[in-house]
Every structure is written in structure tokens, then in C-alpha cells.
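Participant: Got a structure here, written out as C-alpha cells. Questions coming.
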Amino acid sequence: MADEVVSLLKEAYNDEMETVMNYMANAILLETIRGEEVAESLKEDIEEELGHAEELGYRLRYYGERPPASMEFSAAQESLQPPEDTADVLSVIDGVLEAESDAIETYEELVEAAAEAGDYVTEDLAVELLADEQAHKAEFLSFKREYE
């Protein structure tokens with residue numbers, strides 16, 4: 001059971017780091033009059049996502065593991081790639097919603113796996129991060145309503 005917790009911690013860590021990279025690229029791209037509000041939100045979320053990765057990394061260290069680095073990284077967030085059209089704010093919003101949904105699913109799995117393994121600290125952390133990701137998703141659902 002601890003193996004599943006470690007596997008999910010690594011997955012979540014990688015996802016958070018990829019999200020930071022993509023949020024940064026999209027925030028830079030969307031620094032326009034039309035996308036400024038979304039860009040600012042992404043910039044704020046970058047700091048929070050980095051904090052998530054750090055906390056996940058410390059849980060990995062608890063298990064005697066090291067946080068994955070760039071040579072162990074496999075990109076997966078195709079929908080969060082910056083669009084060719086810098087005015088296409090909606091595609092960025094949709095990409096964020098997909099990434100947040102994926103993060104929510106991973107954290108739900110981590111909550112269950114940690115509970116089954118009796119790792120209450122990781123379970124508590126996963127619940128906390130799950131709440132943060134749900135809040136991000138709710139914010140971007142609001143943005144989506146404005147841009148449709």
C-alpha cells in the first residue's frame with residue numbers, strides 16, 4: 001500500500017511541476033487586454049502549485065524517496081499548451097480546467113491510498129491540496145462562463 005502512496009506522490013509532484021511550467025507560459029502569452037485577468041490568476045496559482053510540489057516532495061522524502069527531477073519527467077498536459085492565437089483565452093481556460101480535473105482525481109486517489117496505508121499525514125495533505133485544486137477549478141469555471 002505504501003508503494004501506491006509513493007507512486008501517487010510522484011505522479012502528483014510531476015503534475016504540479018508541469019502545471020507550473022504551463023501556467024507560466026500561458027500567463028506570459030495572455031498578458032493582453034483580453035487575457036490580463038486570467039494571466040494574473042495563473043501567476044498567483046504558480047506560487048501555490050510550487051508549494052504543493054514542495055510539500056509532496058517532503059512526503060516522498062519521508063518514504064526514503066527523492067522527488068522526481070527533469071530526467072524522470074514525462075509531459076502529459078497537451079491541452080494546456082499555449083495556443084497559437086494569443087487572443088484565445090478560452091482554450092487556456094479549458095486547458096486549466098482539464099489540468100485541475102486531473103489533479104483533483106489524483107488527490108482523491110491519494111486520499112484513499114494514504115488512508116488505506118495508515119499514513120494520516122499524507123492523507124491530510126492530500127485533502128488540503130484537493131481543496132486547493134477544487135478552488136482553482138471553481139475560479140476557472142467562472143472565467144469560462146465570462147468567455148463563452
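Letters A, B, ... mark the chains of the C-alpha cells in the order given; residue numbers begin at 1 per chain; ligand numbers begin at 1, in order shown.
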Could you tell me, as a PyMOL selection string, which residues of segment 31-114 of chain A DSSP assigns to helix (DSSP H, G or I) when given the backbone?

Facilitator: chain A and resi 36-62+70-72+78-80+89-114

Participant: Using only C-alpha atoms, which residue out of A:Glu18, A:Glu112, A:Thr122, A:Gln81 lies closest to Arg61 of chain A?

Facilitator: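 Result for the nearest residue to Arg61 of chain A: A:Thr122.
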
Participant: Could you list, as a VMD selection string, every residue within 10 Å of segment 134-148 of chain A, counting only C-alpha atoms and ignoring same-chain residues fewer than 4 positions away?

Facilitator: chain A and resid 34 37 to 38 41 to 42 45 88 to 101 103 to 104 129 to 130

Participant: When you look at Val20 of chain A with a cut-off of 12 Å (counting only C-alpha atoms), what residues show up, excluding the ones that are within fewer than 3 positions of it in the same chain? I need them as a list in words.

Facilitator: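 The filter keeps Tyr13, Asn14, Asp15, Glu16, Met17, Tyr23, Met24, Ala25, Asn26, Ala27, Leu42, Lys43, Glu44, Asp45, Ile46, Glu47, Glu48, Glu49, Leu50, Gly51, His52, Ala53, Gln77, Leu80, Gln81, Val96 and Ala99 of chain A.
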
Participant: Restricting the output to N, CA, C and O atoms, write the selected residues as a compact mmCIF listing (two decimals), in the first residue's frame.

Facilitator:
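Full text of again-v1.txt as output:
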```
# COMPACT_ATOMS: atom_id res chain seq x y z
N TYR A 13 3.47 15.13 -7.84
CA TYR A 13 4.62 16.04 -7.89
C TYR A 13 4.91 16.44 -9.34
O TYR A 13 5.05 17.62 -9.66
N ASN A 14 4.99 15.45 -10.23
CA ASN A 14 5.24 15.74 -11.65
C ASN A 14 4.15 16.61 -12.24
O ASN A 14 4.43 17.55 -12.99
N ASP A 15 2.91 16.31 -11.91
CA ASP A 15 1.79 17.10 -12.42
C ASP A 15 1.88 18.55 -11.97
O ASP A 15 1.63 19.47 -12.75
N GLU A 16 2.22 18.76 -10.71
CA GLU A 16 2.34 20.13 -10.20
C GLU A 16 3.45 20.89 -10.91
O GLU A 16 3.29 22.05 -11.28
N MET A 17 4.59 20.22 -11.13
CA MET A 17 5.71 20.89 -11.80
C MET A 17 5.38 21.19 -13.25
O MET A 17 5.71 22.27 -13.75
N TYR A 23 1.43 27.00 -16.75
CA TYR A 23 0.78 28.23 -16.28
C TYR A 23 1.66 29.44 -16.58
O TYR A 23 1.17 30.50 -16.98
N MET A 24 2.97 29.30 -16.38
CA MET A 24 3.89 30.41 -16.66
C MET A 24 3.84 30.78 -18.14
O MET A 24 3.70 31.95 -18.48
N ALA A 25 3.94 29.78 -19.01
CA ALA A 25 3.91 30.05 -20.45
C ALA A 25 2.60 30.72 -20.86
O ALA A 25 2.60 31.70 -21.62
N ASN A 26 1.49 30.24 -20.35
CA ASN A 26 0.20 30.82 -20.69
C ASN A 26 0.01 32.20 -20.08
O ASN A 26 -0.58 33.08 -20.71
N ALA A 27 0.49 32.42 -18.88
CA ALA A 27 0.38 33.74 -18.26
C ALA A 27 1.14 34.78 -19.06
O ALA A 27 0.66 35.89 -19.29
N LEU A 42 -3.34 32.97 -13.18
CA LEU A 42 -2.35 31.92 -13.41
C LEU A 42 -1.06 32.22 -12.64
O LEU A 42 -0.47 31.32 -12.03
N LYS A 43 -0.63 33.46 -12.65
CA LYS A 43 0.59 33.84 -11.93
C LYS A 43 0.45 33.58 -10.44
O LYS A 43 1.39 33.10 -9.80
N GLU A 44 -0.70 33.91 -9.89
CA GLU A 44 -0.94 33.64 -8.47
C GLU A 44 -0.92 32.14 -8.19
O GLU A 44 -0.37 31.69 -7.19
N ASP A 45 -1.51 31.37 -9.09
CA ASP A 45 -1.58 29.92 -8.90
C ASP A 45 -0.21 29.26 -9.01
O ASP A 45 0.02 28.21 -8.41
N ILE A 46 0.71 29.85 -9.76
CA ILE A 46 2.05 29.29 -9.90
C ILE A 46 2.71 29.11 -8.54
O ILE A 46 3.27 28.06 -8.24
N GLU A 47 2.63 30.13 -7.71
CA GLU A 47 3.25 30.05 -6.37
C GLU A 47 2.61 28.94 -5.54
O GLU A 47 3.29 28.20 -4.85
N GLU A 48 1.31 28.84 -5.63
CA GLU A 48 0.60 27.80 -4.87
C GLU A 48 0.95 26.40 -5.37
O GLU A 48 1.19 25.49 -4.57
N GLU A 49 1.03 26.25 -6.69
CA GLU A 49 1.37 24.94 -7.26
C GLU A 49 2.80 24.54 -6.89
O GLU A 49 3.08 23.37 -6.61
N LEU A 50 3.72 25.51 -6.88
CA LEU A 50 5.09 25.22 -6.45
C LEU A 50 5.11 24.77 -4.99
O LEU A 50 5.84 23.84 -4.62
N GLY A 51 4.30 25.41 -4.17
CA GLY A 51 4.18 25.00 -2.76
C GLY A 51 3.65 23.58 -2.63
O GLY A 51 4.12 22.81 -1.79
N HIS A 52 2.69 23.24 -3.48
CA HIS A 52 2.16 21.87 -3.48
C HIS A 52 3.27 20.88 -3.80
O HIS A 52 3.42 19.86 -3.11
N ALA A 53 4.04 21.18 -4.84
CA ALA A 53 5.13 20.28 -5.24
C ALA A 53 6.13 20.11 -4.10
O ALA A 53 6.60 19.00 -3.83
N GLN A 77 0.33 17.25 -20.31
CA GLN A 77 -0.74 18.26 -20.36
C GLN A 77 -0.85 18.90 -21.74
O GLN A 77 -0.64 20.09 -21.92
N LEU A 80 -3.01 22.02 -22.20
CA LEU A 80 -2.58 23.24 -21.51
C LEU A 80 -1.43 23.93 -22.23
O LEU A 80 -0.85 24.89 -21.74
N GLN A 81 -1.10 23.47 -23.43
CA GLN A 81 -0.06 24.13 -24.21
C GLN A 81 -0.57 25.49 -24.68
O GLN A 81 -1.75 25.64 -25.02
N VAL A 96 -6.72 24.68 -18.39
CA VAL A 96 -6.60 24.75 -16.93
C VAL A 96 -7.66 23.85 -16.29
O VAL A 96 -7.36 23.12 -15.34
N ALA A 99 -6.53 20.28 -16.52
CA ALA A 99 -5.42 20.01 -15.60
C ALA A 99 -5.91 19.95 -14.16
O ALA A 99 -5.48 19.08 -13.38
```

Participant: Find the residue from A:Glu40, A:Glu65, A:Arg59, A:Met71 that sits nearest to Glu123 of chain A; use only C-alpha atoms when measuring.

Facilitator: A:Arg59

Participant: Skip Met1 of chain A itself and residues of its chain fewer than 4 positions away, then list as a count of residues only all residues within 10 Å of it, counting only C-alpha atoms.

Facilitator: 10

Participant: Can you work out the spacing between atom CA of Val111 of chain A and atom CA of Ala126 of chain A in Å, to one decimal?

Facilitator: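 Separation between atom CA of Val111 of chain A and atom CA of Ala126 of chain A: 5.5 Å.
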